[in-house]
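A.B. asks: Quick one: structure below, then a few questions.
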Amino acid sequence: MVLPAEVVPPVRIEVGQGHHLAVRRRGDGGVPLLLIHGFPCTSRIWSHNLGPLAEAGFDVVAPDLRGYGDSDFAPDDFYDFNAFNTDLTGLFDRLGWDRAVVAGHDLGAMIAIDLATRHPDRVDRLVILDDSMPDLGEGFTAAGLPPIDPKPAVYDYQRRQGHEADALVAELATPEQRRRYIGEFYGHRLWCPPDAFDEDDLAFLTEPYGDAARLRASFADYEVAMGTRPLSAPEMIDRPVRHRALLLIGTDQATMRNHIEERCALAFPEAVGPFWVKGAGHFMPWERPELVNRAIRSFCGDLLAALTP
């Protein structure tokens, strides 16, 4: 349960002409650290990380992606990796950051991977908090790795969110129905252990999705994945990431790919890990925040030491 004192309120920062992101920040002046949320989350998922990581010496920034939480909707109607990263590099510029450590999970991890490839000089190193990785396609096949076989019972939502987004939002006609739908991803969809989130947690985390327009915006990434929404620029997730990376994967999520360690070795040739985290599923920043905070602190110990007078 998040206590009110732990919740960092967001401030709005202009990242493009007339376009604002809602940003939660602690530790101004520390080592730049960007935390990128995924679906079905917002920056609220980092509530247990912002304070401790700031105390460790980081300048910690957790934005709501465009369309999510309290951020503006896309001014150009694009919700792809390039669009998200245009916002994030604009945020870097407004904060005075040349580069940053970038941590992400779910959609946020894929945005981080794209950011590292699209703007390599702006990413110091990566922290990936699930089994997200570049799609090397033929590279995986050449290494003898079988195709990924999604589990229909787990991934059925992708079809509807990617192909029938408007109809699905119309079916979820009340704030309570919309929040209940989002809450299912923290429950019976098996993304995490069944007791990982209590009712207060779910009330806090799902609150932004009570708004129909916010829920609809969150489906846009699935439309991109299903090819039903245009891209502002090609995605850059088809090659290995050469940055130093820390890979942490919760053991208790049902969404994992097969042959993860072999795939990670090809996708992140400079990685530490993957390390398997027991007692965590897909939402590691919330489920195991102390471990995540310690891991990031240790992985970036040299950067923190260099900042110390």
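Ordered as shown in the structure tokens, chains take letters A, B, and onward, while each chain numbers its residues from 1 and ligands are numbered from 1 in the order shown.
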Run DSSP on the backbone and grab whatever in region 53-262 of chain A lands in helix (DSSP H, G or I); send it over as a PyMOL selection string.

C.D. replies: chain A and resi 53-55+81-95+107-118+120-122+138-142+152-163+165-171+175-186+199-210+212-218+220-225+260-262

A.B. asks: I want to know what sits within 8 Å of Pro269 (chain A), based on only C-alpha atoms, with residues of the same chain fewer than 4 positions away left out; could you give that as a ChimeraX atom specification?

C.D. replies: /A:240-242,264-265

A.B. asks: Mind writing the picked residues with N, CA and C atoms as a PDB file, in the first residue's frame?

C.D. replies:
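File result23.pdb, as written:
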```
ATOM      1  N   PRO A 240      20.921  -5.592 -31.950  1.00  0.00           N
ATOM      2  CA  PRO A 240      21.388  -5.685 -30.560  1.00  0.00           C
ATOM      3  C   PRO A 240      21.648  -4.307 -29.959  1.00  0.00           C
ATOM      4  N   VAL A 241      21.473  -4.232 -28.649  1.00  0.00           N
ATOM      5  CA  VAL A 241      21.761  -3.007 -27.904  1.00  0.00           C
ATOM      6  C   VAL A 241      23.183  -3.109 -27.370  1.00  0.00           C
ATOM      7  N   ARG A 242      24.019  -2.145 -27.731  1.00  0.00           N
ATOM      8  CA  ARG A 242      25.444  -2.205 -27.370  1.00  0.00           C
ATOM      9  C   ARG A 242      25.749  -1.503 -26.051  1.00  0.00           C
ATOM     10  N   CYS A 264      18.637 -13.116 -24.606  1.00  0.00           N
ATOM     11  CA  CYS A 264      19.258 -11.948 -23.988  1.00  0.00           C
ATOM     12  C   CYS A 264      20.735 -11.838 -24.361  1.00  0.00           C
ATOM     13  N   ALA A 265      21.423 -12.960 -24.427  1.00  0.00           N
ATOM     14  CA  ALA A 265      22.851 -12.944 -24.754  1.00  0.00           C
ATOM     15  C   ALA A 265      23.096 -12.341 -26.130  1.00  0.00           C
TER      16      ALA A 265
END
```

A.B. asks: DSSP on the backbone, strand (DSSP E) only: what residues of region 18-239 of chain A does that give? Format it as a tab-separated table (two decimals) with N, CA, C and O atoms, in the first residue's frame.

C.D. replies:
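This is the output file part_20.tsv:
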```
chain	number	residue	atom	x	y	z
A	19	HIS	N	3.19	21.18	-25.88
A	19	HIS	CA	2.96	19.77	-25.51
A	19	HIS	C	3.69	19.47	-24.21
A	19	HIS	O	4.90	19.69	-24.10
A	20	HIS	N	2.95	18.96	-23.20
A	20	HIS	CA	3.48	18.78	-21.86
A	20	HIS	C	3.39	17.33	-21.40
A	20	HIS	O	2.43	16.63	-21.71
A	21	LEU	N	4.41	16.91	-20.66
A	21	LEU	CA	4.36	15.66	-19.93
A	21	LEU	C	4.23	15.96	-18.44
A	21	LEU	O	4.80	16.94	-17.94
A	22	ALA	N	3.50	15.10	-17.74
A	22	ALA	CA	3.46	15.15	-16.28
A	22	ALA	C	4.63	14.34	-15.76
A	22	ALA	O	4.82	13.19	-16.15
A	23	VAL	N	5.41	14.93	-14.88
A	23	VAL	CA	6.69	14.35	-14.47
A	23	VAL	C	6.79	14.35	-12.94
A	23	VAL	O	6.54	15.37	-12.28
A	24	ARG	N	7.16	13.20	-12.40
A	24	ARG	CA	7.45	13.09	-10.96
A	24	ARG	C	8.98	13.07	-10.82
A	24	ARG	O	9.66	12.29	-11.50
A	25	ARG	N	9.49	13.90	-9.91
A	25	ARG	CA	10.95	14.07	-9.82
A	25	ARG	C	11.39	14.20	-8.38
A	25	ARG	O	10.75	14.86	-7.57
A	26	ARG	N	12.53	13.58	-8.09
A	26	ARG	CA	13.22	13.73	-6.81
A	26	ARG	C	14.73	13.68	-7.07
A	26	ARG	O	15.19	12.96	-7.94
A	31	VAL	N	22.74	12.00	-10.27
A	31	VAL	CA	22.98	11.30	-11.54
A	31	VAL	C	21.65	11.13	-12.27
A	31	VAL	O	20.71	10.56	-11.72
A	32	PRO	N	21.54	11.61	-13.50
A	32	PRO	CA	20.26	11.52	-14.21
A	32	PRO	C	19.79	10.08	-14.38
A	32	PRO	O	20.54	9.22	-14.86
A	33	LEU	N	18.55	9.84	-13.98
A	33	LEU	CA	17.94	8.51	-14.08
A	33	LEU	C	16.50	8.68	-14.53
A	33	LEU	O	15.69	9.30	-13.84
A	34	LEU	N	16.19	8.13	-15.68
A	34	LEU	CA	14.84	8.19	-16.24
A	34	LEU	C	14.15	6.85	-16.01
A	34	LEU	O	14.69	5.79	-16.36
A	35	LEU	N	12.95	6.89	-15.44
A	35	LEU	CA	12.15	5.69	-15.20
A	35	LEU	C	10.94	5.73	-16.13
A	35	LEU	O	10.13	6.66	-16.06
A	36	ILE	N	10.80	4.73	-17.00
A	36	ILE	CA	9.73	4.72	-18.01
A	36	ILE	C	8.75	3.60	-17.70
A	36	ILE	O	9.13	2.42	-17.68
A	58	PHE	N	20.69	9.84	-7.10
A	58	PHE	CA	20.18	10.03	-8.45
A	58	PHE	C	19.26	11.24	-8.54
A	58	PHE	O	18.59	11.60	-7.57
A	59	ASP	N	19.22	11.85	-9.71
A	59	ASP	CA	18.18	12.79	-10.09
A	59	ASP	C	17.14	11.95	-10.82
A	59	ASP	O	17.29	11.63	-12.00
A	60	VAL	N	16.08	11.57	-10.13
A	60	VAL	CA	15.15	10.56	-10.62
A	60	VAL	C	13.92	11.25	-11.22
A	60	VAL	O	13.26	12.04	-10.56
A	61	VAL	N	13.63	10.89	-12.46
A	61	VAL	CA	12.50	11.47	-13.17
A	61	VAL	C	11.64	10.35	-13.73
A	61	VAL	O	12.13	9.47	-14.43
A	62	ALA	N	10.35	10.39	-13.39
A	62	ALA	CA	9.40	9.39	-13.88
A	62	ALA	C	8.24	10.13	-14.55
A	62	ALA	O	7.36	10.66	-13.86
A	63	PRO	N	8.23	10.19	-15.88
A	63	PRO	CA	7.13	10.87	-16.57
A	63	PRO	C	5.96	9.93	-16.85
A	63	PRO	O	6.12	8.71	-16.91
A	100	ALA	N	21.43	10.01	-19.75
A	100	ALA	CA	20.89	9.49	-18.49
A	100	ALA	C	20.95	7.98	-18.48
A	100	ALA	O	21.02	7.32	-19.53
A	101	VAL	N	20.93	7.42	-17.28
A	101	VAL	CA	20.61	6.01	-17.10
A	101	VAL	C	19.11	5.89	-17.35
A	101	VAL	O	18.33	6.71	-16.87
A	102	VAL	N	18.71	4.87	-18.10
A	102	VAL	CA	17.31	4.73	-18.46
A	102	VAL	C	16.83	3.35	-18.01
A	102	VAL	O	17.40	2.32	-18.40
A	103	ALA	N	15.79	3.34	-17.18
A	103	ALA	CA	15.19	2.09	-16.70
A	103	ALA	C	13.75	2.02	-17.18
A	103	ALA	O	13.04	3.03	-17.21
A	104	GLY	N	13.32	0.82	-17.57
A	104	GLY	CA	11.95	0.68	-18.02
A	104	GLY	C	11.45	-0.74	-17.89
A	104	GLY	O	12.23	-1.68	-17.73
A	123	VAL	N	21.87	7.94	-23.92
A	123	VAL	CA	21.65	6.86	-22.96
A	123	VAL	C	22.98	6.40	-22.42
A	123	VAL	O	23.86	5.96	-23.19
A	124	ASP	N	23.17	6.49	-21.10
A	124	ASP	CA	24.41	6.03	-20.48
A	124	ASP	C	24.42	4.52	-20.37
A	124	ASP	O	25.35	3.84	-20.80
A	125	ARG	N	23.36	3.97	-19.78
A	125	ARG	CA	23.20	2.52	-19.65
A	125	ARG	C	21.73	2.24	-19.42
A	125	ARG	O	20.95	3.14	-19.10
A	126	LEU	N	21.36	0.97	-19.55
A	126	LEU	CA	19.96	0.55	-19.48
A	126	LEU	C	19.72	-0.36	-18.29
A	126	LEU	O	20.59	-1.15	-17.92
A	127	VAL	N	18.51	-0.27	-17.74
A	127	VAL	CA	18.02	-1.24	-16.76
A	127	VAL	C	16.67	-1.73	-17.29
A	127	VAL	O	15.73	-0.95	-17.45
A	128	ILE	N	16.60	-3.03	-17.58
A	128	ILE	CA	15.39	-3.63	-18.12
A	128	ILE	C	14.78	-4.53	-17.05
A	128	ILE	O	15.44	-5.46	-16.56
```

A.B. asks: For region 212-282 of chain A versus region 160-164 of chain A, which residues have an atom no more than 10 Å away, and what is each residue's nearest atom pair and distance in Å rounded to one decimal, using only C-alpha atoms, chain-then-number order, as a Markdown table?

C.D. replies:
```
| residue | atom | partner | partner_atom | distance |
| --- | --- | --- | --- | --- |
| A:Arg216 | CA | A:Gln161 | CA | 8.8 |
| A:Ser218 | CA | A:Gln161 | CA | 8.9 |
| A:Phe219 | CA | A:Gln161 | CA | 5.4 |
| A:Ala220 | CA | A:Gly162 | CA | 7.3 |
| A:Asp221 | CA | A:Gly162 | CA | 7.8 |
| A:Tyr222 | CA | A:Gly162 | CA | 4.5 |
| A:Glu223 | CA | A:Gly162 | CA | 4.0 |
| A:Val224 | CA | A:Gly162 | CA | 7.4 |
| A:Ala225 | CA | A:Gly162 | CA | 7.2 |
| A:Met226 | CA | A:Gly162 | CA | 5.6 |
| A:Gly227 | CA | A:Gly162 | CA | 8.1 |
| A:Thr228 | CA | A:His163 | CA | 6.8 |
| A:Arg229 | CA | A:Gly162 | CA | 8.7 |
```

A.B. asks: For Ile260 (chain A), which residue among A:Glu199, A:Glu184, A:Glu138, A:Asp131 is the nearest when counting only C-alpha atoms?

C.D. replies: A:Asp131
